[in-house]
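Next comes protein-v2.cif, with mmCIF, C-alpha atoms.
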```cif
data_entry
#
loop_
_atom_site.label_atom_id
_atom_site.label_comp_id
_atom_site.auth_asym_id
_atom_site.auth_seq_id
_atom_site.Cartn_x
_atom_site.Cartn_y
_atom_site.Cartn_z
CA MET P 165 175.79 -252.53 -67.85
CA ALA P 166 178.02 -251.02 -65.24
CA GLY P 167 178.03 -254.37 -63.50
CA SER P 168 180.78 -255.69 -65.76
CA TYR P 169 183.21 -253.05 -64.56
CA ALA P 170 185.38 -253.25 -61.47
CA ASN P 171 184.14 -249.94 -60.12
CA PRO P 172 182.20 -246.85 -61.23
CA SER P 173 185.36 -244.93 -61.95
CA GLU P 174 186.43 -247.52 -64.49
CA TYR P 175 182.98 -247.40 -66.07
CA ILE P 176 183.22 -243.67 -66.48
CA LYS P 177 186.76 -243.82 -67.79
CA HIS P 178 185.82 -246.46 -70.30
CA HIS P 179 182.97 -244.35 -71.60
CA LEU P 180 185.22 -241.36 -72.01
CA THR P 181 187.90 -243.18 -73.97
CA ASN P 182 188.01 -242.86 -77.70
CA LEU P 183 188.62 -245.66 -80.12
CA THR P 184 192.06 -244.47 -81.15
CA TYR P 185 194.17 -245.96 -83.88
CA GLY P 186 197.88 -245.23 -84.00
CA GLN P 187 201.41 -246.47 -83.44
CA LYS P 188 201.89 -248.08 -80.06
CA ALA P 189 204.95 -247.75 -77.88
CA ASP P 190 206.38 -251.02 -79.15
CA GLY P 191 206.23 -249.82 -82.75
CA SER P 192 203.19 -251.80 -83.92
CA TRP P 193 200.05 -250.11 -85.28
CA GLY P 194 196.74 -250.80 -83.69
CA ILE P 195 193.93 -249.69 -81.45
CA ALA P 196 194.87 -248.14 -78.13
CA HIS P 197 193.62 -249.75 -74.92
CA GLY P 198 193.19 -247.13 -72.30
CA ALA P 199 194.14 -243.52 -71.88
CA ASP P 200 197.83 -244.25 -71.26
CA GLU P 201 198.28 -245.93 -74.61
CA ILE P 202 196.50 -243.08 -76.34
CA LYS P 203 198.93 -240.67 -74.74
CA GLU P 204 201.88 -242.70 -75.92
CA MET P 205 200.63 -242.60 -79.49
CA GLY P 206 201.14 -238.85 -79.64
CA PHE P 207 199.71 -236.67 -82.35
CA TRP P 208 199.80 -239.10 -85.25
CA SER P 209 196.90 -241.23 -84.20
CA ILE P 210 193.26 -240.91 -85.06
CA ASN P 211 190.01 -241.28 -83.15
CA LEU P 212 188.18 -243.73 -85.34
CA ASP P 213 184.87 -243.38 -83.49
CA SER P 214 184.83 -239.59 -83.68
CA MET P 215 185.75 -239.58 -87.35
CA PHE P 216 183.25 -242.32 -88.18
CA PHE P 217 180.28 -240.64 -86.54
CA SER P 218 181.31 -237.16 -87.61
CA ILE P 219 181.66 -238.13 -91.28
CA GLY P 220 178.62 -240.37 -91.14
CA LEU P 221 176.43 -237.63 -89.71
CA GLY P 222 177.88 -235.11 -92.13
CA LEU P 223 177.08 -237.39 -95.06
CA PHE P 224 173.57 -237.88 -93.69
CA PHE P 225 173.14 -234.11 -93.60
CA LEU P 226 174.48 -233.67 -97.12
CA TRP P 227 172.39 -236.56 -98.44
CA ILE P 228 169.11 -235.25 -97.05
CA PHE P 229 169.73 -231.69 -98.13
CA ARG P 230 170.99 -232.74 -101.55
CA LYS P 231 167.80 -234.74 -102.02
CA ALA P 232 165.78 -231.67 -101.15
CA ALA P 233 167.88 -229.49 -103.43
CA LYS P 234 167.23 -231.82 -106.37
CA ARG P 235 163.50 -231.85 -105.70
CA ALA P 236 163.31 -228.12 -105.08
CA SER P 237 160.76 -226.46 -107.32
CA THR P 238 158.41 -223.54 -107.21
CA ASP P 239 155.49 -225.80 -106.39
CA ALA P 240 154.15 -226.04 -102.89
CA PRO P 241 156.64 -228.10 -100.83
CA THR P 242 155.52 -231.08 -98.78
CA GLY P 243 156.83 -233.03 -95.82
CA LEU P 244 160.59 -233.23 -95.59
CA GLN P 245 161.00 -230.66 -98.35
CA ASN P 246 159.10 -228.21 -96.22
CA PHE P 247 161.32 -228.83 -93.25
CA ILE P 248 164.52 -228.47 -95.26
CA GLU P 249 163.35 -225.24 -96.82
CA MET P 250 162.36 -223.95 -93.40
CA MET P 251 165.92 -224.64 -92.23
CA ILE P 252 167.34 -222.91 -95.27
CA GLU P 253 165.21 -219.85 -94.65
CA PHE P 254 166.11 -219.84 -90.98
CA ILE P 255 169.83 -219.92 -91.82
CA ASP P 256 169.37 -217.31 -94.51
CA ASP P 257 167.62 -215.01 -92.06
CA SER P 258 170.37 -215.51 -89.49
CA VAL P 259 173.07 -214.73 -92.04
CA ARG P 260 171.23 -211.69 -93.34
CA GLY P 261 170.75 -210.47 -89.80
CA SER P 262 174.36 -210.85 -88.69
CA PHE P 263 176.47 -210.62 -91.81
CA SER P 264 176.49 -207.21 -93.43
CA GLY P 265 178.56 -207.95 -96.51
CA LYS P 266 177.93 -210.21 -99.46
CA ASN P 267 179.77 -213.51 -99.47
CA PRO P 268 178.46 -216.70 -101.07
CA LEU P 269 180.45 -218.83 -98.62
CA ILE P 270 178.86 -217.63 -95.40
CA ALA P 271 175.37 -219.06 -95.71
CA PRO P 272 176.42 -222.59 -96.79
CA LEU P 273 179.07 -222.51 -94.08
CA ALA P 274 176.48 -221.54 -91.48
CA LEU P 275 174.08 -224.21 -92.71
CA THR P 276 176.77 -226.89 -92.56
CA ILE P 277 177.85 -225.87 -89.08
CA PHE P 278 174.35 -225.67 -87.69
CA VAL P 279 173.01 -228.94 -89.02
CA TRP P 280 176.21 -230.90 -88.61
CA VAL P 281 176.87 -229.75 -85.06
CA PHE P 282 173.23 -230.34 -84.21
CA LEU P 283 173.37 -233.90 -85.55
CA MET P 284 176.62 -234.59 -83.69
CA ASN P 285 175.10 -233.24 -80.50
CA LEU P 286 171.95 -235.25 -81.11
CA MET P 287 173.96 -238.44 -80.63
CA ASP P 288 174.11 -237.40 -76.98
CA LEU P 289 170.44 -238.27 -76.57
CA ILE P 290 170.99 -241.92 -77.45
CA PRO P 291 171.37 -243.81 -74.17
CA VAL P 292 175.07 -243.99 -73.42
CA ASP P 293 175.39 -247.76 -73.39
CA HIS P 294 173.34 -248.88 -76.36
CA ILE P 295 175.63 -248.36 -79.30
CA PRO P 296 178.89 -249.05 -77.42
CA TRP P 297 177.36 -252.34 -76.23
CA LEU P 298 176.37 -253.32 -79.79
CA ALA P 299 179.85 -252.37 -80.93
CA SER P 300 181.46 -254.40 -78.18
CA LEU P 301 179.56 -257.43 -79.44
CA MET P 302 181.32 -256.82 -82.76
CA GLY P 303 184.67 -256.60 -81.03
CA VAL P 304 185.08 -252.86 -80.76
CA PRO P 305 186.56 -252.19 -77.31
CA TYR P 306 185.90 -248.46 -77.00
CA LEU P 307 183.30 -246.21 -78.58
CA LYS P 308 182.31 -242.61 -78.00
CA ILE P 309 179.33 -241.92 -80.17
CA VAL P 310 179.11 -238.16 -79.62
CA PRO P 311 181.75 -236.55 -81.84
CA SER P 312 181.28 -233.12 -80.28
CA THR P 313 182.55 -234.45 -76.93
CA ASP P 314 185.88 -234.91 -78.65
CA PRO P 315 187.91 -231.68 -78.58
CA ASN P 316 189.58 -232.71 -81.82
CA ILE P 317 186.27 -232.38 -83.58
CA THR P 318 185.26 -229.05 -82.08
CA PHE P 319 188.72 -227.58 -82.55
CA GLY P 320 188.87 -228.94 -86.06
CA MET P 321 185.83 -226.83 -86.88
CA SER P 322 186.70 -223.76 -84.85
CA LEU P 323 190.24 -223.63 -86.27
CA SER P 324 188.80 -223.85 -89.78
CA VAL P 325 186.56 -220.93 -88.92
CA PHE P 326 189.59 -219.13 -87.47
CA ALA P 327 191.52 -219.72 -90.71
CA LEU P 328 188.61 -218.14 -92.60
CA VAL P 329 188.60 -215.21 -90.17
CA LEU P 330 192.32 -214.63 -90.80
CA TYR P 331 191.89 -215.06 -94.55
CA TYR P 332 189.04 -212.57 -94.82
CA SER P 333 190.71 -210.15 -92.42
CA VAL P 334 193.77 -210.02 -94.65
CA LYS P 335 191.72 -210.07 -97.84
CA MET P 336 189.29 -207.31 -96.92
CA LYS P 337 191.54 -205.05 -94.88
CA GLY P 338 194.91 -205.85 -96.43
CA PRO P 339 197.81 -207.10 -94.30
CA GLY P 340 198.51 -203.54 -93.13
CA GLY P 341 194.93 -202.86 -92.21
CA PHE P 342 194.68 -206.11 -90.29
CA PHE P 343 197.88 -205.33 -88.43
CA ALA P 344 196.65 -201.83 -87.69
CA GLU P 345 193.48 -203.26 -86.22
CA LEU P 346 195.55 -205.42 -83.89
CA ALA P 347 198.21 -202.85 -83.02
CA PHE P 348 196.56 -199.41 -82.84
CA HIS P 349 193.56 -200.35 -80.83
CA PRO P 350 192.26 -199.79 -78.11
CA PHE P 351 195.16 -197.58 -76.89
CA PRO P 352 197.08 -194.97 -78.92
CA LYS P 353 199.84 -196.00 -81.29
CA PHE P 354 202.78 -195.61 -78.91
CA MET P 355 201.38 -198.38 -76.73
CA MET P 356 201.55 -200.83 -79.59
CA PRO P 357 202.98 -203.80 -77.64
CA ILE P 358 200.16 -203.69 -75.11
CA ASN P 359 197.64 -203.36 -77.89
CA LEU P 360 199.13 -206.32 -79.68
CA VAL P 361 198.91 -208.48 -76.59
CA LEU P 362 195.36 -207.47 -75.84
CA GLU P 363 194.06 -207.81 -79.37
CA GLY P 364 196.10 -210.96 -79.90
CA VAL P 365 194.41 -212.59 -76.93
CA THR P 366 191.04 -211.45 -78.20
CA LEU P 367 191.80 -212.94 -81.57
CA ILE P 368 193.06 -216.25 -80.21
CA ALA P 369 190.16 -216.43 -77.77
CA LYS P 370 187.71 -216.63 -80.67
CA PRO P 371 188.50 -220.15 -81.91
CA VAL P 372 189.39 -221.41 -78.44
CA SER P 373 186.14 -220.26 -76.88
CA LEU P 374 184.17 -221.45 -79.88
CA ALA P 375 185.58 -224.96 -79.61
CA LEU P 376 185.66 -225.19 -75.82
CA ARG P 377 182.12 -223.94 -75.37
CA LEU P 378 180.71 -226.68 -77.56
CA PHE P 379 183.06 -229.31 -76.20
CA GLY P 380 182.48 -228.33 -72.58
CA ASN P 381 178.71 -228.30 -72.81
CA LEU P 382 178.49 -231.61 -74.58
CA TYR P 383 181.18 -233.24 -72.48
CA ALA P 384 179.44 -232.21 -69.31
CA GLY P 385 176.11 -233.35 -70.66
CA GLU P 386 177.57 -236.69 -71.62
CA MET P 387 179.15 -237.01 -68.20
CA ILE P 388 175.80 -236.49 -66.51
CA PHE P 389 174.22 -239.11 -68.76
CA ILE P 390 176.99 -241.52 -67.75
CA LEU P 391 176.48 -240.76 -64.06
CA ILE P 392 172.76 -241.31 -64.44
CA ALA P 393 173.47 -244.56 -66.26
CA LEU P 394 175.54 -245.65 -63.26
CA MET P 395 172.41 -245.49 -61.13
CA TYR P 396 170.88 -248.35 -63.06
CA SER P 397 173.24 -250.76 -61.34
CA GLY P 398 172.26 -249.45 -57.90
CA GLY P 399 169.08 -251.45 -57.35
CA TRP P 400 165.40 -250.86 -58.05
CA VAL P 401 164.87 -247.54 -56.35
CA LEU P 402 167.98 -245.89 -57.76
CA GLY P 403 167.34 -247.44 -61.13
CA ILE P 404 163.80 -246.08 -61.44
CA SER P 405 164.74 -242.63 -60.23
CA GLY P 406 167.65 -242.78 -62.65
CA GLY P 407 165.15 -243.42 -65.43
CA PHE P 408 163.23 -240.28 -64.53
CA LEU P 409 166.45 -238.31 -64.22
CA GLN P 410 167.61 -239.46 -67.62
CA LEU P 411 164.28 -238.50 -69.17
CA GLY P 412 164.39 -235.07 -67.55
CA TRP P 413 167.99 -234.42 -68.48
CA ALA P 414 167.42 -235.61 -72.05
CA ILE P 415 164.49 -233.24 -72.48
CA PHE P 416 166.55 -230.40 -71.10
CA HIS P 417 169.43 -231.49 -73.30
CA ILE P 418 167.34 -231.07 -76.44
CA LEU P 419 167.47 -227.37 -75.67
CA ILE P 420 171.20 -227.43 -75.01
CA ILE P 421 172.21 -229.26 -78.17
CA THR P 422 170.12 -226.96 -80.36
CA LEU P 423 171.37 -223.91 -78.55
CA GLN P 424 175.00 -224.95 -78.84
CA ALA P 425 174.65 -225.60 -82.55
CA PHE P 426 172.98 -222.24 -82.97
CA ILE P 427 175.63 -220.43 -80.91
CA PHE P 428 178.45 -222.02 -82.88
CA MET P 429 176.80 -220.94 -86.13
CA THR P 430 175.93 -217.43 -85.02
CA LEU P 431 179.37 -216.75 -83.60
CA THR P 432 180.95 -218.02 -86.81
CA ILE P 433 178.85 -215.57 -88.79
CA VAL P 434 179.63 -212.74 -86.40
CA TYR P 435 183.38 -213.42 -86.41
CA LEU P 436 183.44 -213.54 -90.20
CA ASP P 437 181.37 -210.38 -90.35
CA MET P 438 183.87 -208.62 -88.09
CA ALA P 439 186.69 -209.92 -90.26
CA SER P 440 185.02 -208.66 -93.42
CA GLN P 441 184.26 -205.19 -92.12
CA THR P 442 186.60 -202.64 -93.63
CA ASP P 443 185.42 -199.46 -91.97
CA HIS P 444 186.50 -200.03 -88.42
CA MET X 64 192.25 -233.58 -73.90
CA ASN X 65 194.43 -235.42 -76.33
CA PHE X 66 194.96 -233.73 -79.62
CA ASN X 67 195.75 -236.00 -82.50
CA ALA X 68 195.30 -236.32 -86.24
CA THR X 69 191.52 -236.38 -85.76
CA LEU X 70 191.88 -232.60 -85.73
CA ILE X 71 193.24 -232.66 -89.27
CA GLY X 72 190.70 -235.23 -90.38
CA GLN X 73 187.86 -233.16 -89.04
CA THR X 74 189.25 -230.01 -90.67
CA ILE X 75 189.45 -231.68 -94.07
CA THR X 76 185.99 -233.22 -93.67
CA PHE X 77 184.60 -229.84 -92.66
CA ALA X 78 186.13 -228.14 -95.68
CA VAL X 79 184.79 -230.79 -98.05
CA PHE X 80 181.30 -230.67 -96.54
CA VAL X 81 181.16 -226.89 -96.69
CA TRP X 82 182.36 -226.98 -100.29
CA PHE X 83 179.71 -229.53 -101.22
CA CYS X 84 177.03 -227.57 -99.44
CA MET X 85 178.12 -224.37 -101.15
CA LYS X 86 178.18 -226.00 -104.56
CA TYR X 87 175.27 -228.43 -104.66
CA ILE X 88 172.88 -227.65 -101.82
CA TRP X 89 172.62 -223.96 -101.10
CA PRO X 90 172.32 -222.47 -104.61
CA PRO X 91 169.54 -224.72 -105.98
CA LEU X 92 167.47 -224.46 -102.81
CA MET X 93 167.94 -220.72 -102.60
CA ALA X 94 167.10 -220.32 -106.28
CA ALA X 95 163.93 -222.35 -105.85
CA LEU X 96 162.92 -220.33 -102.79
CA ASP X 97 163.58 -217.03 -104.52
CA GLU X 98 161.67 -218.15 -107.56
CA ARG X 99 158.76 -219.27 -105.44
CA ASN X 100 158.82 -215.96 -103.59
CA ALA X 101 158.70 -214.13 -106.89
CA ARG X 102 155.85 -216.33 -108.08
CA ILE X 103 153.85 -215.84 -104.92
CA SER X 104 154.24 -212.08 -104.93
CA GLU X 105 153.37 -212.08 -108.62
CA GLY X 106 150.25 -214.09 -107.87
CA LEU X 107 149.28 -211.72 -105.08
CA ALA X 108 149.81 -208.75 -107.35
CA ALA X 109 147.71 -210.42 -110.04
CA ALA X 110 144.96 -211.08 -107.52
CA GLN X 111 145.04 -207.46 -106.48
CA ARG X 112 144.90 -206.38 -110.10
CA GLY X 113 141.96 -208.71 -110.68
CA GLN X 114 140.18 -207.22 -107.68
CA GLN X 115 140.83 -203.74 -109.01
CA ASP X 116 139.63 -204.73 -112.48
CA LEU X 117 136.49 -206.21 -111.00
CA GLU X 118 135.77 -203.03 -109.08
CA ASP X 119 136.38 -200.94 -112.18
CA ALA X 120 134.11 -203.16 -114.22
CA GLN X 121 131.40 -202.99 -111.59
CA ALA X 122 131.65 -199.21 -111.49
CA LYS X 123 131.47 -199.12 -115.29
CA VAL X 124 128.47 -201.43 -115.27
CA GLY X 125 126.67 -199.17 -112.81
CA GLU X 126 127.49 -196.15 -114.89
CA SER X 127 126.27 -197.60 -118.16
CA LEU X 128 123.20 -198.97 -116.46
CA GLY X 129 122.34 -195.47 -115.30
CA GLU X 130 123.03 -194.09 -118.75
CA ALA X 131 120.87 -196.74 -120.37
CA LYS X 132 118.03 -196.02 -117.97
CA GLN X 133 118.26 -192.34 -118.72
CA GLN X 134 118.32 -193.00 -122.45
CA ALA X 135 115.34 -195.30 -122.17
CA GLN X 136 113.46 -192.61 -120.28
CA GLU X 137 114.32 -190.11 -122.97
CA ILE X 138 113.19 -192.45 -125.69
CA ILE X 139 109.93 -193.09 -123.90
CA ASN X 140 109.37 -189.36 -123.47
CA GLN X 141 110.08 -188.70 -127.12
CA ALA X 142 107.84 -191.52 -128.19
CA GLN X 143 105.04 -190.18 -126.05
CA LYS X 144 105.49 -186.73 -127.48
CA ARG X 145 105.60 -188.08 -130.99
CA ALA X 146 102.49 -190.15 -130.37
CA ASN X 147 100.65 -187.07 -129.14
CA GLU X 148 101.81 -185.18 -132.21
CA ILE X 149 100.66 -187.97 -134.51
CA VAL X 150 97.28 -188.07 -132.86
CA ASP X 151 96.95 -184.28 -133.19
CA GLU X 152 98.04 -184.40 -136.81
CA ALA X 153 95.57 -187.18 -137.54
CA LYS X 154 92.78 -185.17 -135.94
CA ASP X 155 93.69 -182.09 -137.97
CA SER X 156 93.92 -183.92 -141.25
CA ALA X 157 90.70 -185.79 -140.57
CA ARG X 158 88.95 -182.50 -139.93
CA ASP X 159 90.43 -181.02 -143.11
CA GLU X 160 89.41 -184.07 -145.09
CA ALA X 161 85.91 -183.89 -143.72
CA ASP X 162 85.69 -180.20 -144.58
CA LYS X 163 86.98 -180.92 -148.05
CA ILE X 164 84.45 -183.74 -148.60
CA LYS X 165 81.69 -181.55 -147.29
CA ALA X 166 82.67 -178.71 -149.62
CA ALA X 167 82.89 -181.07 -152.60
CA ALA X 168 79.51 -182.53 -151.77
CA SER X 169 77.83 -179.14 -151.49
CA ALA X 170 79.45 -178.02 -154.77
CA ASP X 171 78.15 -181.17 -156.41
CA ILE X 172 74.71 -180.58 -155.02
CA ALA X 173 74.74 -176.98 -156.28
CA GLN X 174 75.85 -178.12 -159.70
CA GLN X 175 73.14 -180.78 -159.89
CA ILE X 176 70.56 -178.23 -158.83
CA THR X 177 71.73 -175.92 -161.61
CA ALA X 178 71.72 -178.74 -164.18
CA ALA X 179 68.27 -179.86 -163.10
CA ARG X 180 66.96 -176.31 -163.33
CA GLU X 181 68.47 -175.94 -166.81
CA HIS X 182 66.94 -179.20 -167.90
CA LEU X 183 63.62 -178.23 -166.42
CA ARG X 184 63.78 -174.86 -168.12
CA LYS X 185 64.49 -176.43 -171.52
CA GLU X 186 61.70 -178.93 -171.09
CA VAL X 187 59.27 -176.24 -170.03
CA SER X 188 60.20 -174.09 -173.02
CA ALA X 189 59.76 -177.09 -175.31
CA ILE X 190 56.39 -177.85 -173.73
CA ALA X 191 55.38 -174.23 -173.98
CA LEU X 192 56.45 -174.12 -177.60
CA ALA X 193 54.54 -177.26 -178.40
CA GLY X 194 51.49 -175.92 -176.53
CA THR X 195 51.64 -172.65 -178.28
CA GLN X 196 52.00 -174.44 -181.65
CA GLN X 197 48.94 -176.49 -180.89
CA ILE X 198 47.04 -173.42 -179.67
CA LEU X 199 47.85 -171.34 -182.67
CA LYS X 200 47.38 -174.34 -184.94
CA ARG X 201 49.54 -172.83 -187.32
CA GLU X 202 53.06 -172.74 -188.12
CA VAL X 203 54.89 -170.26 -186.09
CA ASP X 204 58.07 -169.20 -187.53
CA ALA X 205 60.48 -170.44 -184.98
CA LYS X 206 63.08 -168.20 -186.33
CA ALA X 207 60.92 -165.13 -186.20
CA HIS X 208 59.77 -165.79 -182.65
CA ALA X 209 62.97 -167.06 -181.23
CA ALA X 210 63.60 -163.79 -179.48
CA VAL X 211 60.21 -163.91 -177.78
CA LEU X 212 60.66 -167.56 -176.78
CA ASP X 213 64.07 -166.98 -175.37
CA GLU X 214 62.61 -164.18 -173.33
CA LEU X 215 59.99 -166.58 -172.02
CA VAL X 216 62.56 -169.20 -171.25
CA ALA X 217 64.64 -166.66 -169.37
CA GLN X 218 61.61 -165.74 -167.33
CA ILE X 219 61.08 -169.31 -166.11
#
```
Transcribe the structure of this file into structure tokens.
Amino acid sequence: MAGSYANPSEYIKHHLTNLTYGQKADGSWGIAHGADEIKEMGFWSINLDSMFFSIGLGLFFLWIFRKAAKRASTDAPTGLQNFIEMMIEFIDDSVRGSFSGKNPLIAPLALTIFVWVFLMNLMDLIPVDHIPWLASLMGVPYLKIVPSTDPNITFGMSLSVFALVLYYSVKMKGPGGFFAELAFHPFPKFMMPINLVLEGVTLIAKPVSLALRLFGNLYAGEMIFILIALMYSGGWVLGISGGFLQLGWAIFHILIITLQAFIFMTLTIVYLDMASQTDH
Amino acid sequence: MNFNATLIGQTITFAVFVWFCMKYIWPPLMAALDERNARISEGLAAAQRGQQDLEDAQAKVGESLGEAKQQAQEIINQAQKRANEIVDEAKDSARDEADKIKAAASADIAQQITAAREHLRKEVSAIALAGTQQILKREVDAKAHAAVLDELVAQI
């Protein structure tokens, strides 16, 4: 596949470019070709590939779980039902373990994050060229099929979580209590400015680290898959060893994608638990 | 890292998905799981109760079996005692009856002996009278000699 590119660097660049729709420099609307055009489009453009796969996977998650929810009964579950209920119990246990209060939003939120992020990460295991090649046959010039390698996606989720953290902080502690937590801690009151800076950084670090951790892991994983894929154009020996490498990395990656989804979920629960705690 | 409107799109999508999950997925599944949990623990409790009941029943069965055995033994003992009593009674009454029959028989015999003696006596006196009449060949005044005859009769 890499043979149709001028050099490996172009191959890599192409695989890391989103299918972005927006207003071009000359004023017309359309799909950007290359990173420079994406930059020119500014904020008001949209990554069609990320949105497509993100929404598609999300709908898949909702569809499967909704099906299970409709069929849920007190009888002995079978097959898929069993798996879904296992997931539900797993999430419920995690929420009970980490979240001390009572909030009907937390568990569904955790379930959505875990399954959705996992599904988005799972796209990483599909060989990097397959779907983009199929898409290119249909005239789609760029395609990144792993939404979680797009910082827009990870930040979109982590900022939503951050908004919930702020909302529950203010709701549970009151604006004064929330401010006090930021200003009178860890040093005494007269050192308020320093406290504010320290706690402010801690607060901001939550969504940033949440998003960047997921993005970074998946981006790096994707990059390695792309590099391995490059080996296939390097002759028999490199190609075969690349096959083994890809298999090994994919198996290892199963662990990473599950772990990242779990970390994102757990940290969300923990952050919201901290935000909801009044006696601090 | 280029940030663009995908951020907003993803945020909205996220919110909608979480809302849907919170409304249509989590509650029914959780309710079903809770209900099943309740049903299972109920079933286990019922099983335990059944086990307990069975043990109780077995204990009761053993108890009443013992009681019944004891009662049966008592009944047998009583019956044996009663049988012995009946046999004794029967012996006693048989002996009494035999005594009675013996007494009656000897009384009868005594009476018949007396009657026979009386009869004999009368016949003898009649024979004696007739003999005397023939010997004397004359009329003896029965009235005049009644005292003598009676004396004779008494002597027989």
Shell of 12 Å around segment 225-236 of chain P, only C-alpha atoms, local chain residues under 6 positions omitted, as a PDB file with C-alpha atoms, in the coordinates of the input:
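around18.pdb, freshly written:
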```
ATOM      1  CA  PHE P 217     180.280-240.640 -86.540  1.00  0.00           C
ATOM      2  CA  SER P 218     181.310-237.160 -87.610  1.00  0.00           C
ATOM      3  CA  ILE P 219     181.660-238.130 -91.280  1.00  0.00           C
ATOM      4  CA  THR P 242     155.520-231.080 -98.780  1.00  0.00           C
ATOM      5  CA  GLY P 243     156.830-233.030 -95.820  1.00  0.00           C
ATOM      6  CA  LEU P 244     160.590-233.230 -95.590  1.00  0.00           C
ATOM      7  CA  GLN P 245     161.000-230.660 -98.350  1.00  0.00           C
ATOM      8  CA  ASN P 246     159.100-228.210 -96.220  1.00  0.00           C
ATOM      9  CA  PHE P 247     161.320-228.830 -93.250  1.00  0.00           C
ATOM     10  CA  ILE P 248     164.520-228.470 -95.260  1.00  0.00           C
ATOM     11  CA  GLU P 249     163.350-225.240 -96.820  1.00  0.00           C
ATOM     12  CA  MET P 250     162.360-223.950 -93.400  1.00  0.00           C
ATOM     13  CA  MET P 251     165.920-224.640 -92.230  1.00  0.00           C
ATOM     14  CA  ILE P 252     167.340-222.910 -95.270  1.00  0.00           C
ATOM     15  CA  PRO P 272     176.420-222.590 -96.790  1.00  0.00           C
ATOM     16  CA  LEU P 275     174.080-224.210 -92.710  1.00  0.00           C
ATOM     17  CA  THR P 276     176.770-226.890 -92.560  1.00  0.00           C
ATOM     18  CA  ILE P 277     177.850-225.870 -89.080  1.00  0.00           C
ATOM     19  CA  PHE P 278     174.350-225.670 -87.690  1.00  0.00           C
ATOM     20  CA  VAL P 279     173.010-228.940 -89.020  1.00  0.00           C
ATOM     21  CA  TRP P 280     176.210-230.900 -88.610  1.00  0.00           C
ATOM     22  CA  VAL P 281     176.870-229.750 -85.060  1.00  0.00           C
ATOM     23  CA  PHE P 282     173.230-230.340 -84.210  1.00  0.00           C
ATOM     24  CA  LEU P 283     173.370-233.900 -85.550  1.00  0.00           C
ATOM     25  CA  MET P 284     176.620-234.590 -83.690  1.00  0.00           C
TER      26      MET P 284
ATOM     27  CA  PHE X  77     184.600-229.840 -92.660  1.00  0.00           C
ATOM     28  CA  VAL X  79     184.790-230.790 -98.050  1.00  0.00           C
ATOM     29  CA  PHE X  80     181.300-230.670 -96.540  1.00  0.00           C
ATOM     30  CA  VAL X  81     181.160-226.890 -96.690  1.00  0.00           C
ATOM     31  CA  TRP X  82     182.360-226.980-100.290  1.00  0.00           C
ATOM     32  CA  PHE X  83     179.710-229.530-101.220  1.00  0.00           C
ATOM     33  CA  CYS X  84     177.030-227.570 -99.440  1.00  0.00           C
ATOM     34  CA  MET X  85     178.120-224.370-101.150  1.00  0.00           C
ATOM     35  CA  LYS X  86     178.180-226.000-104.560  1.00  0.00           C
ATOM     36  CA  TYR X  87     175.270-228.430-104.660  1.00  0.00           C
ATOM     37  CA  ILE X  88     172.880-227.650-101.820  1.00  0.00           C
ATOM     38  CA  TRP X  89     172.620-223.960-101.100  1.00  0.00           C
ATOM     39  CA  PRO X  90     172.320-222.470-104.610  1.00  0.00           C
ATOM     40  CA  PRO X  91     169.540-224.720-105.980  1.00  0.00           C
ATOM     41  CA  LEU X  92     167.470-224.460-102.810  1.00  0.00           C
ATOM     42  CA  MET X  93     167.940-220.720-102.600  1.00  0.00           C
ATOM     43  CA  ALA X  94     167.100-220.320-106.280  1.00  0.00           C
ATOM     44  CA  ALA X  95     163.930-222.350-105.850  1.00  0.00           C
ATOM     45  CA  LEU X  96     162.920-220.330-102.790  1.00  0.00           C
ATOM     46  CA  ASP X  97     163.580-217.030-104.520  1.00  0.00           C
ATOM     47  CA  GLU X  98     161.670-218.150-107.560  1.00  0.00           C
ATOM     48  CA  ARG X  99     158.760-219.270-105.440  1.00  0.00           C
TER      49      ARG X  99
END
```
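When atom CA of Ala393 of chain P is paired with atom CA of Thr69 of chain X, their separation reads 27.8 Å.
When atom CA of Asp155 of chain X is paired with atom CA of Ala167 of chain X, their separation reads 18.2 Å.
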With distances taken over only C-alpha atoms, the candidate from P:Gly261, P:Tyr383, P:Asp190, P:Pro357 nearest chain X is P:Tyr383
Shortest contact to chain X, candidates P:Val310, P:Leu273, P:Val329, P:Leu378, atoms counted all atoms listed in the file, goes to P:Leu273
Practice item. Using only C-alpha atoms, determine which residues lie at most 7 Å from Leu70 of chain X, disregarding the query and same-chain residues fewer than 6 positions distant; provide the list as a PyMOL selection string. Key: chain P and resi 316-317+319-320
Nearest to chain X, restricted to only C-alpha atoms and choosing among P:Asn359, P:Thr430, P:Ser440, P:Thr238, comes out as P:Thr238
Within 12 Å of Ile421 of chain P, counting only C-alpha atoms, which residues qualify if same-chain residues fewer than 2 places away don't, as a PyMOL selection string? chain P and resi 278-289+310+312-313+377-386+413-419+423-428
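With atom CA of Gly186 of chain P on one side and atom CA of Pro305 of chain P on the other, the separation reads 14.9 Å.
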Exercise for review: Write out as a PyMOL selection string each polymer residue whose atoms come within 7 Å of segment 202-210 of chain P, counting all atoms listed in the file; drop sequence neighbours fewer than 6 positions from it.
Suggested key: (chain P and resi 184-189+196) or (chain X and resi 66-69)
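Compared by their closest atoms to chain P, and using all atoms listed in the file, the residues X:Ile71, X:Leu199, X:Ala168, X:Ile176 rank with X:Ile71 nearest.
Residues near the point (175.3, -239.8, -63.3), at a distance of 12 Å or less over only C-alpha atoms, make up P:Ala166, P:Pro172, P:Ser173, P:Tyr175, P:Ile176, P:Val292, P:Ala384, P:Gly385, P:Glu386, P:Met387, P:Ile388, P:Phe389, P:Ile390, P:Leu391, P:Ile392, P:Ala393, P:Leu394, P:Met395, P:Tyr396, P:Ser397, P:Gly398, P:Leu402, P:Gly403, P:Ser405, P:Gly406, P:Gly407, P:Leu409, P:Gln410, P:Trp413.
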